[in-house]
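Quick notes on the structure that follows.
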Amino acid sequence: MLRDQVGGQGEIEIAQSERALHALEGRTDPFQVRRQNCPMPTTQAESAPQKALRKMGLTRDIDLALHIPLRYEDETRIVKLKDARDGDTVQIEAAVTDCEVQYRGRRQLVVTVDDGTDTCVLRFFTFYPSQQKSLAVGTKLRIRGELKGGFLGFQMVHPSWKPAGGELATALTPVYSTVAGLPQAYLRKAVASGLARAELGDTIPPDVPKRPHWTLKEALHFLHHPTPDVSMATLEDRSHPAWQRLKAEELLAQQLSQLQSKRARDKLKAPRLKAKKGGLHEQLLAALPFSLTAAQRRVSEEIARDVARDVPMHRLLQGDVGSGKTIVAALAAAVAIDAGWQCALMAPTEILAEQHFRKLIGWLEPLLAPRGQRVAWLTGSQRKKERGEMLALIASGEAALVVGTHAVIQEQVQFAKLGLAVIDEQHRFGVEQRLALRGKMLEPGHEPHMLMMSATPIPRTLAMSYYADLDVSTIDELPPGRTPVVTKLVADSRRDEIVERIRAQVAEGRQVYWVCPLIEESEALDLTNATATHEQLSEALPGVMVGLLHSRMPVPEKKAVMSLFVGGQMGVLVSTTVIEVGVDVPNASLMVIEHAERFGLSQLHQLRGRVGRGAAASACVLLYSTGDHGKLGDTAKARLKAMQETSDGFEIARRDLEIRGPGEFLGSRQSGAPLLRFADLMTDTHLLDWARQLAPVMLDRHPEYAERHIGRWLGGKSEYLKA
Ligand code: ADP
Ligand code: MG
């Protein structure tokens with residue numbers, strides 16, 4: 001966005017865009033073929049720039065109008081050299097006084113120009129003979145580029161230039177982000193056409209409080225072509241009123257569309273679930289070997305209140321790793337079962353499903369049996385016969401609790417009375433899968449209550465914007481008696497010391513995890529790494545059982561390894577896949593993460609949460625390797641530093657958001673759904689608050705404004721937010 005970043009634009013680039021412009025000639029409006037709101041036809045021969053436009057998602061007029069410049073160039077005035085300073089990007093008019101090819105290390109064309117107040121040297125390292133000719137002594141030029149004021153006077157490297165004279169621009173010239181095959185000049189013209197044609201009537205009702213001063217139309221026209229007197233700083237930090245309007249609109253669209261889907265959902269019916277006196281819920285509470293934390297009690301009550309209504313619950317239960325979400329889910333399940341309905345529990349992988357719910361089943365099964373009820377398992381790797389039996393149990397209603405992976409929501413699964421669905425690690429499930437759950441209700445217009453659980457706490461601002469349609473419960477305290485985990489950063493070169501440390505831990509009867517990273521490009525390489533580590537450790541630790549777990553292993557084998565580790569016979573577990581380590585082994589006191597620099601922050605935090613679950617002092621060693629560069633990248637460094645400095649899941653999440661931005665942070669929930677392009681949740685909280693307050697008022701009092709607003713901003717994409 002910096003005006004003074006301009007310059008260095010070589011002749012070649014200009015020549016290319018000019019060629020593209022010529023290619024447009026003969027057609028008065030190359031964009032005419034496109035209708036508003038209608039994607040460009042792809043069957044007809046599409047020119048390269050048209051194709052590029054489509055790929056960039058610039059298909060509707062409004063899309064083009066919302067393609068805001070990256071930065072601007074100032075072609076509105078001619079600067080005198082005597083008034084210019086080192087580093088300024090300026091436009092001057094001057095006459096050529098000298099032009100020659102020199103050899104100073106590199107062959108270069110050196111042109112001296114004089115504007116009557118001072119001289120300036122222009123340097124070109126690539127040039128054509130024809131260009132050399134048009135820069136002949138005596139020619140008057142208009143030159144634009146970045147001035148370097150050295151000891152020997154001003155110079156510009158590869159400035160752009162054309163003959164002097166001609167009109168000056170009246171507004172700053174926009175520079176748009178673009179891709180290969182889409183020349184800037186073509187894009188500029190496309191955006192200008194889109195902007196001129198787009199329907200930009202106001203969609204914010206006239207009578208709303210704190211209505212932005214600028215209209216969208218004014219704001220967009222200004223942002224594409226700001227007047228030269230604008231303060232660049234306010235465009236850069238997006239505090240300019242035009243930017244404020246744009247961001248307010250965007251946040252409003254997001255809030256409207258989520259509120260709209262929430263209201264649509266509120267029209268659906270769900271069964272009223274209430275615990276019975278002396279029923280399963282009470283029995284489960286009585287049977288627990290511990291008492292609930294205050295936070296667990298609070299969120300359980302929030303959930304109980306939700307499911308007692310005949311409107312489907314959509315609640316996100318967030319709590320740090322180890323905060324005890326599972327028992328909260330079990331209590332909710334007990335309420336559903338008490339009320340005579342079935343409950344489904346899903347986890348993203350088989351091992352996770354088994355590990356996560358083993359305890360829960362241990363608690364519930366003995367209580368269910370006397371009632372003639374059972375727990376059913378559903379997984380992808382099940383034998384046909386077993387699966388058939390399970391499906392029958394589910395269909396008859398005998399299975400009060402159904403536990404499993406995605407298999408739970410597959411088509412053949414027919415529930416007798418599904419009342420509550422609990423989804424663990426919800427961010428790993430896609431929108432479609434949650435939609436499928438809705439289809440499990442026998443009566444149309446009905447939906448089971450949904451409880452989603454996540455160990456990645458969502459920072460408040462993100463929750464308010466992206467998850468505005470969800471109710472959120474937070475477990476903000478850990479069960480008592482946990483010992484904090486000490487985190488150490490250790491260079492890979494000191495691996496031997498770590499092996500010694502493992503030996504000592506195992507000698508004390510403790511267990512150790514060793515996690516190798518997942519290298520997405522090469523699963524095979526992954527495996528070799530993990531296998532090699534496994535061999536090394538087995539060799540270095542005679543008499544210790546060292547296990548290996550990786551994603552390619554058949555499920556029964558994985559289960560066998562896991563049960564040896566859970567049972568305590570296995571001292572060290574080497575694992576490739578992060579997710580498979582979602583286990584609860586309180587005796588494990590050391591977690592070693594190899595190539596920790598390759599993991600995401602929340603992954604690291606989750607992994608670390610696997611230790612420190614018992615009373616023993618626990619540690620997490622982040623082994624890092626600086627690779628060939630001998631240096632860690634900035635973001636890797638920031639992640640490792642965050643891990644060392646805090647173990648608070650919320651602080652970790654906040655830093656993760658800072659490091660990664662909301663796009664990556666949100667992961668699959670937003671797959672296909674629009675992310676915020678203009679607003680920044682860190683700085684625009686006042687606009688977010690405004691949008692949150694306005695959205696319900698608009699839907700109530702000005703539904704037609706709301707409809708138009710959503711259509712303009714989200715086009716066809718808002719469907720995704722409805723899941
Ligand atoms: P997460 O929130 O990561 O899913 P879990 O539900 O797996 O955490 O709980 C972690 C461990 O803490 C389990 O062993 C669980 O039995 C135990 N736990 C849960 N709640 C309490 C509590 N209130 N007091 C003591 N231990 C608890
Ligand atoms: Mg859990």
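Residues are named by chain letter and number: chains run A, B, ... in the order of the structure tokens, numbers start at 1 in each chain, and ligands are numbered from 1 in the order shown.
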Where does chain A meet ligand 1 within 6 Å, residue by residue, with the nearest atom pair and distance in Å to one decimal for each, counting only C-alpha atoms and all ligand atoms, listed by chain and rising number, as CSV?
```
residue,atom,partner,partner_atom_place_in_ligand_line,distance
A:Phe290,CA,ligand 1,24 (N),5.0
A:Ser291,CA,ligand 1,23 (N),5.2
A:Leu292,CA,ligand 1,23 (N),3.8
A:Thr293,CA,ligand 1,23 (N),4.6
A:Gly319,CA,ligand 1,2 (O),5.8
A:Val321,CA,ligand 1,3 (O),3.7
A:Gly322,CA,ligand 1,3 (O),3.4
A:Ser323,CA,ligand 1,2 (O),4.1
A:Gly324,CA,ligand 1,6 (O),3.3
A:Lys325,CA,ligand 1,2 (O),3.8
A:Thr326,CA,ligand 1,6 (O),3.7
A:Ile327,CA,ligand 1,6 (O),5.7
A:Pro479,CA,ligand 1,24 (N),4.4
```
Selection as number ranges by chain: residues within 12 Å of ligand 2 by only C-alpha atoms and all ligand atoms = A: 317-330, 345-348, 352-360, 422-426, 452-456, 579, 581-584, 606, 609-610
For the residues in the current selection, export N, CA and C atoms as a compact mmCIF listing (two decimals), in the first residue's frame.
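Output below, filename selection28.txt:
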```
# COMPACT_ATOMS: atom_id res chain seq x y z
N LEU A 317 -18.32 -26.86 23.31
CA LEU A 317 -17.71 -26.97 24.63
C LEU A 317 -16.21 -26.90 24.44
N GLN A 318 -15.63 -25.81 24.90
CA GLN A 318 -14.19 -25.72 24.75
C GLN A 318 -13.52 -25.77 26.10
N GLY A 319 -12.38 -26.42 26.10
CA GLY A 319 -11.64 -26.55 27.34
C GLY A 319 -10.29 -27.10 26.98
N ASP A 320 -9.31 -26.64 27.70
CA ASP A 320 -7.95 -27.03 27.41
C ASP A 320 -7.78 -28.55 27.46
N VAL A 321 -6.72 -29.01 26.86
CA VAL A 321 -6.41 -30.44 26.92
C VAL A 321 -6.38 -30.86 28.39
N GLY A 322 -7.08 -31.94 28.69
CA GLY A 322 -7.04 -32.45 30.05
C GLY A 322 -7.97 -31.75 31.02
N SER A 323 -8.80 -30.84 30.51
CA SER A 323 -9.68 -30.10 31.42
C SER A 323 -10.90 -30.93 31.82
N GLY A 324 -11.07 -32.09 31.19
CA GLY A 324 -12.15 -32.98 31.60
C GLY A 324 -13.45 -32.75 30.85
N LYS A 325 -13.37 -32.73 29.52
CA LYS A 325 -14.57 -32.54 28.71
C LYS A 325 -15.37 -33.83 28.61
N THR A 326 -14.64 -34.97 28.64
CA THR A 326 -15.32 -36.24 28.39
C THR A 326 -16.43 -36.51 29.41
N ILE A 327 -16.15 -36.23 30.66
CA ILE A 327 -17.18 -36.52 31.67
C ILE A 327 -18.38 -35.60 31.49
N VAL A 328 -18.13 -34.40 31.02
CA VAL A 328 -19.24 -33.48 30.75
C VAL A 328 -20.13 -34.07 29.63
N ALA A 329 -19.46 -34.63 28.62
CA ALA A 329 -20.20 -35.27 27.53
C ALA A 329 -20.98 -36.47 28.07
N ALA A 330 -20.35 -37.25 28.95
CA ALA A 330 -21.01 -38.43 29.49
C ALA A 330 -22.26 -38.03 30.28
N LEU A 345 -21.76 -40.53 19.97
CA LEU A 345 -20.51 -39.86 20.27
C LEU A 345 -19.54 -40.12 19.13
N MET A 346 -18.96 -39.07 18.58
CA MET A 346 -18.05 -39.29 17.45
C MET A 346 -16.70 -38.66 17.69
N ALA A 347 -15.67 -39.36 17.25
CA ALA A 347 -14.32 -38.81 17.28
C ALA A 347 -13.73 -38.98 15.89
N PRO A 348 -12.75 -38.18 15.52
CA PRO A 348 -12.27 -38.21 14.13
C PRO A 348 -11.51 -39.47 13.71
N LEU A 352 -8.67 -42.65 18.41
CA LEU A 352 -9.15 -41.57 19.27
C LEU A 352 -10.49 -41.92 19.87
N ALA A 353 -11.38 -42.44 19.02
CA ALA A 353 -12.71 -42.79 19.51
C ALA A 353 -12.56 -43.78 20.65
N GLU A 354 -11.70 -44.77 20.42
CA GLU A 354 -11.57 -45.80 21.44
C GLU A 354 -10.96 -45.23 22.72
N GLN A 355 -9.88 -44.47 22.55
CA GLN A 355 -9.20 -43.94 23.72
C GLN A 355 -10.04 -42.92 24.46
N HIS A 356 -10.66 -42.06 23.71
CA HIS A 356 -11.43 -41.00 24.35
C HIS A 356 -12.60 -41.54 25.13
N PHE A 357 -13.20 -42.57 24.57
CA PHE A 357 -14.46 -42.98 25.15
C PHE A 357 -14.36 -44.24 26.00
N ARG A 358 -13.16 -44.80 26.09
CA ARG A 358 -12.98 -46.00 26.88
C ARG A 358 -13.48 -45.78 28.32
N LYS A 359 -13.02 -44.66 28.89
CA LYS A 359 -13.40 -44.35 30.28
C LYS A 359 -14.89 -44.15 30.40
N LEU A 360 -15.36 -43.38 29.46
CA LEU A 360 -16.77 -43.03 29.48
C LEU A 360 -17.65 -44.28 29.43
N VAL A 422 -22.75 -35.93 20.11
CA VAL A 422 -21.58 -35.26 20.66
C VAL A 422 -20.42 -35.47 19.70
N ILE A 423 -19.79 -34.39 19.31
CA ILE A 423 -18.69 -34.49 18.35
C ILE A 423 -17.42 -34.01 19.02
N ASP A 424 -16.47 -34.92 19.18
CA ASP A 424 -15.21 -34.54 19.83
C ASP A 424 -14.27 -33.97 18.78
N GLU A 425 -13.40 -33.07 19.18
CA GLU A 425 -12.46 -32.43 18.26
C GLU A 425 -13.22 -31.95 17.03
N GLN A 426 -14.23 -31.13 17.29
CA GLN A 426 -15.17 -30.77 16.23
C GLN A 426 -14.49 -30.16 15.01
N MET A 452 -20.55 -29.88 20.45
CA MET A 452 -19.26 -30.03 19.80
C MET A 452 -18.18 -29.72 20.81
N MET A 453 -17.13 -30.53 20.81
CA MET A 453 -16.09 -30.30 21.80
C MET A 453 -14.78 -29.96 21.10
N SER A 454 -14.06 -29.04 21.70
CA SER A 454 -12.78 -28.67 21.10
C SER A 454 -11.76 -28.35 22.17
N ALA A 455 -10.56 -28.84 21.96
CA ALA A 455 -9.48 -28.54 22.91
C ALA A 455 -8.70 -27.33 22.44
N THR A 456 -9.08 -26.80 21.29
CA THR A 456 -8.40 -25.59 20.82
C THR A 456 -9.31 -24.43 21.14
N ILE A 579 -2.48 -37.39 15.80
CA ILE A 579 -3.81 -37.71 16.31
C ILE A 579 -3.88 -39.01 17.07
N VAL A 581 -2.10 -40.06 19.15
CA VAL A 581 -1.58 -39.95 20.51
C VAL A 581 -2.60 -39.33 21.44
N GLY A 582 -3.85 -39.31 21.01
CA GLY A 582 -4.88 -38.72 21.85
C GLY A 582 -5.25 -39.62 22.99
N VAL A 583 -4.25 -40.04 23.73
CA VAL A 583 -4.50 -41.03 24.78
C VAL A 583 -4.39 -40.43 26.16
N ASP A 584 -4.89 -41.18 27.11
CA ASP A 584 -4.88 -40.73 28.48
C ASP A 584 -4.10 -41.77 29.30
N GLN A 606 -1.49 -29.51 22.13
CA GLN A 606 -2.27 -30.74 22.34
C GLN A 606 -1.38 -31.90 22.73
N GLY A 609 -0.19 -31.78 26.15
CA GLY A 609 -1.26 -32.10 27.09
C GLY A 609 -1.38 -33.59 27.40
N ARG A 610 -0.66 -34.41 26.65
CA ARG A 610 -0.71 -35.85 26.91
C ARG A 610 0.12 -36.23 28.12
```
Region 372-383 of chain A: which residues within 10 Å, counting only C-alpha atoms, same-chain residues fewer than 3 positions away excluded, as a ChimeraX atom specification?
-> /A:337,343-346,349-351,353-354,361,364-369,386-394,397-410,413,554-556
Can those selected residues be exported to a file as a JSON list (two decimals), in the first residue's frame so that it contains C-alpha atoms?
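Saved as part_22.json:
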```json
[["chain", "number", "residue", "atom", "x", "y", "z"],
["A", 337, "ILE", "CA", -30.70, -41.64, 27.89],
["A", 343, "CYS", "CA", -26.87, -40.49, 22.19],
["A", 344, "ALA", "CA", -24.13, -40.68, 19.53],
["A", 345, "LEU", "CA", -20.51, -39.86, 20.27],
["A", 346, "MET", "CA", -18.05, -39.29, 17.45],
["A", 349, "THR", "CA", -10.25, -41.43, 14.20],
["A", 350, "GLU", "CA", -10.78, -44.93, 15.44],
["A", 351, "ILE", "CA", -7.98, -44.89, 17.95],
["A", 353, "ALA", "CA", -12.71, -42.79, 19.51],
["A", 354, "GLU", "CA", -11.57, -45.80, 21.44],
["A", 361, "ILE", "CA", -17.97, -46.47, 28.53],
["A", 364, "LEU", "CA", -21.74, -45.90, 31.74],
["A", 365, "GLU", "CA", -21.88, -49.54, 30.71],
["A", 366, "PRO", "CA", -22.33, -50.99, 34.21],
["A", 367, "LEU", "CA", -25.14, -48.53, 34.78],
["A", 368, "LEU", "CA", -26.82, -49.29, 31.47],
["A", 369, "ALA", "CA", -26.71, -53.07, 31.71],
["A", 386, "GLU", "CA", -20.25, -57.24, 13.91],
["A", 387, "ARG", "CA", -21.33, -54.16, 12.07],
["A", 388, "GLY", "CA", -24.64, -55.77, 11.19],
["A", 389, "GLU", "CA", -25.24, -56.59, 14.84],
["A", 390, "MET", "CA", -24.43, -53.06, 15.86],
["A", 391, "LEU", "CA", -26.72, -51.56, 13.24],
["A", 392, "ALA", "CA", -29.54, -53.76, 14.54],
["A", 393, "LEU", "CA", -28.92, -52.62, 18.11],
["A", 394, "ILE", "CA", -29.02, -49.01, 16.99],
["A", 397, "GLY", "CA", -33.04, -48.59, 20.24],
["A", 398, "GLU", "CA", -31.39, -51.17, 22.49],
["A", 399, "ALA", "CA", -28.11, -49.29, 22.06],
["A", 400, "ALA", "CA", -28.64, -46.21, 24.16],
["A", 401, "LEU", "CA", -25.16, -45.00, 23.41],
["A", 402, "VAL", "CA", -23.44, -45.21, 20.02],
["A", 403, "VAL", "CA", -19.72, -44.54, 19.87],
["A", 404, "GLY", "CA", -17.49, -44.36, 16.84],
["A", 405, "THR", "CA", -15.95, -42.51, 13.96],
["A", 406, "HIS", "CA", -17.54, -41.00, 10.87],
["A", 407, "ALA", "CA", -19.10, -44.40, 10.42],
["A", 408, "VAL", "CA", -21.79, -43.22, 12.83],
["A", 409, "ILE", "CA", -23.23, -40.81, 10.31],
["A", 410, "GLN", "CA", -23.13, -43.08, 7.29],
["A", 413, "VAL", "CA", -27.10, -46.16, 10.14],
["A", 554, "PRO", "CA", -3.60, -51.91, 10.15],
["A", 555, "VAL", "CA", -6.02, -50.94, 12.90],
["A", 556, "PRO", "CA", -5.76, -54.18, 14.92]]
```
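When CA of Met232 (chain A) is paired with CA of Leu81 (chain A), their separation reads 21.8 Å.
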Return as number ranges by chain the full set of residues in region 169-410 of chain A whose backbone-based DSSP assignment is helix (DSSP H, G or I).
-> A: 184-197, 216-224, 232-236, 241-266, 280-287, 294-307, 325-338, 350-371, 384-396, 406-409
Near region 271-287 of chain A, within 6 Å and counting only C-alpha atoms, which residues show up once chain neighbours fewer than 2 positions away are dropped, as a PDB file with C-alpha atoms, in the first residue's frame?
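Below is the file part_39.pdb, written as the result:
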```pdb
ATOM      1  CA  VAL A 307     -31.281 -29.802  25.907  1.00  0.00           C
ATOM      2  CA  ALA A 308     -34.341 -29.301  28.080  1.00  0.00           C
ATOM      3  CA  ARG A 309     -35.733 -27.007  25.377  1.00  0.00           C
ATOM      4  CA  ASP A 310     -37.427 -28.225  22.223  1.00  0.00           C
ATOM      5  CA  ALA A 334     -26.904 -39.673  30.623  1.00  0.00           C
ATOM      6  CA  VAL A 335     -29.538 -36.932  30.495  1.00  0.00           C
ATOM      7  CA  ALA A 336     -30.518 -37.974  26.971  1.00  0.00           C
ATOM      8  CA  ASP A 338     -32.695 -40.850  31.019  1.00  0.00           C
ATOM      9  CA  ALA A 339     -35.197 -39.097  28.825  1.00  0.00           C
TER      10      ALA A 339
END
```
Using only C-alpha atoms, which residue out of A:Pro448, A:Pro163, A:Gly145, A:Pro696 lies closest to His314 (chain A)?
->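 Using only C-alpha atoms, the shortest distance to His314 (chain A) belongs to A:Pro448.
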Determine which residues of region 112-199 of chain A receive a DSSP assignment of strand (DSSP E), computed from the backbone, and state them as a PyMOL selection string.
-> chain A and resi 112-114+119-124+140-146+148-150+153-157+160-163+173-175
Same residues, C-alpha atoms, output as a short mmCIF file (atom, residue, chain, number, x, y, z; two decimals), in the first residue's frame:
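Contents of again30.cif, as written:
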```cif
data_model
loop_
_atom_site.label_atom_id
_atom_site.label_comp_id
_atom_site.auth_asym_id
_atom_site.auth_seq_id
_atom_site.Cartn_x
_atom_site.Cartn_y
_atom_site.Cartn_z
CA THR A 112 21.43 11.51 -17.56
CA VAL A 113 18.45 13.85 -17.41
CA ASP A 114 18.06 17.45 -16.26
CA THR A 119 20.11 16.24 -12.69
CA CYS A 120 19.40 12.57 -12.25
CA VAL A 121 21.04 9.41 -13.64
CA LEU A 122 18.76 6.63 -14.94
CA ARG A 123 20.21 3.14 -15.05
CA PHE A 124 18.88 0.22 -17.15
CA LYS A 140 11.98 15.31 -23.08
CA LEU A 141 10.63 12.58 -20.83
CA ARG A 142 8.17 12.01 -18.08
CA ILE A 143 9.89 9.64 -15.68
CA ARG A 144 8.56 7.80 -12.63
CA GLY A 145 10.60 5.85 -10.13
CA GLU A 146 12.28 5.76 -6.77
CA LYS A 148 18.23 7.39 -4.64
CA GLY A 149 20.23 10.39 -3.55
CA GLY A 150 23.84 9.38 -3.30
CA GLY A 153 23.61 13.00 -6.96
CA PHE A 154 20.23 11.47 -7.73
CA GLN A 155 19.71 8.26 -9.62
CA MET A 156 16.87 5.88 -10.49
CA VAL A 157 17.21 2.22 -11.41
CA SER A 160 9.30 3.82 -16.07
CA TRP A 161 9.12 6.59 -18.64
CA LYS A 162 7.22 7.99 -21.54
CA PRO A 163 7.40 11.18 -23.61
CA THR A 173 -3.34 5.14 -9.68
CA PRO A 174 -4.38 1.81 -8.14
CA VAL A 175 -2.07 -1.19 -8.19
#
```
For Thr215 (chain A), work out the shell of residues within 12 Å, counting only C-alpha atoms and skipping chain neighbours fewer than 4 positions away, then give it as a PyMOL selection string.
-> chain A and resi 200-206+211+219-222+241-246+248-249
Using only C-alpha atoms, pick whichever of A:Gly547, A:Asp61, A:Ser396, A:Leu418 has the shortest atom-to-atom distance to Gln569 (chain A).
->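 Result for the nearest residue to Gln569 (chain A): A:Gly547.
Using only C-alpha atoms, the protein and nucleic acid residues lying no more than 10 Å from Pro484 (chain A), apart from those fewer than 2 places from it along its own chain, are Gly481, Arg482, Val486, Thr487, Val611, Gly612, Arg613, Ala615, Ala616, Ala617, Ser618, Ala619 and Ser647 of chain A.
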Residues just named, written with C-alpha atoms as a PDB file, in the first residue's frame:
```pdb
ATOM      1  CA  GLY A 481      -3.617 -32.189  41.440  1.00  0.00           C
ATOM      2  CA  ARG A 482      -2.044 -31.641  38.026  1.00  0.00           C
ATOM      3  CA  VAL A 486       8.137 -28.166  32.150  1.00  0.00           C
ATOM      4  CA  THR A 487       8.898 -27.377  28.514  1.00  0.00           C
ATOM      5  CA  VAL A 611       1.744 -35.635  29.786  1.00  0.00           C
ATOM      6  CA  GLY A 612       1.250 -34.055  33.183  1.00  0.00           C
ATOM      7  CA  ARG A 613      -1.947 -36.019  33.701  1.00  0.00           C
ATOM      8  CA  ALA A 615       0.959 -36.632  39.973  1.00  0.00           C
ATOM      9  CA  ALA A 616       4.543 -37.046  38.707  1.00  0.00           C
ATOM     10  CA  ALA A 617       6.538 -34.055  37.525  1.00  0.00           C
ATOM     11  CA  SER A 618       6.385 -34.111  33.740  1.00  0.00           C
ATOM     12  CA  ALA A 619       8.368 -32.593  30.941  1.00  0.00           C
ATOM     13  CA  SER A 647       0.872 -23.502  29.005  1.00  0.00           C
TER      14      SER A 647
END
```
Selection: 12 Å around region 652-657 of chain A, only C-alpha atoms, excl. self and same-chain fewer than 3 positions, as an MDAnalysis selection string | chainID A and resid 318:321 454:463 599:606 635:636 638:649 660:667 680:682
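Taking CA of Val179 (chain A) and CA of Lys55 (chain A) as endpoints, the distance between them is 9.4 Å.
Checking A:Asp306, A:Glu236, A:Glu508, A:Glu557 one by one against Leu590 (chain A), counting only C-alpha atoms, you find the shortest gap at A:Glu508.
The interatomic distance for the pair CA of Lys82 (chain A) and CA of Arg104 (chain A) works out to 27.9 Å.
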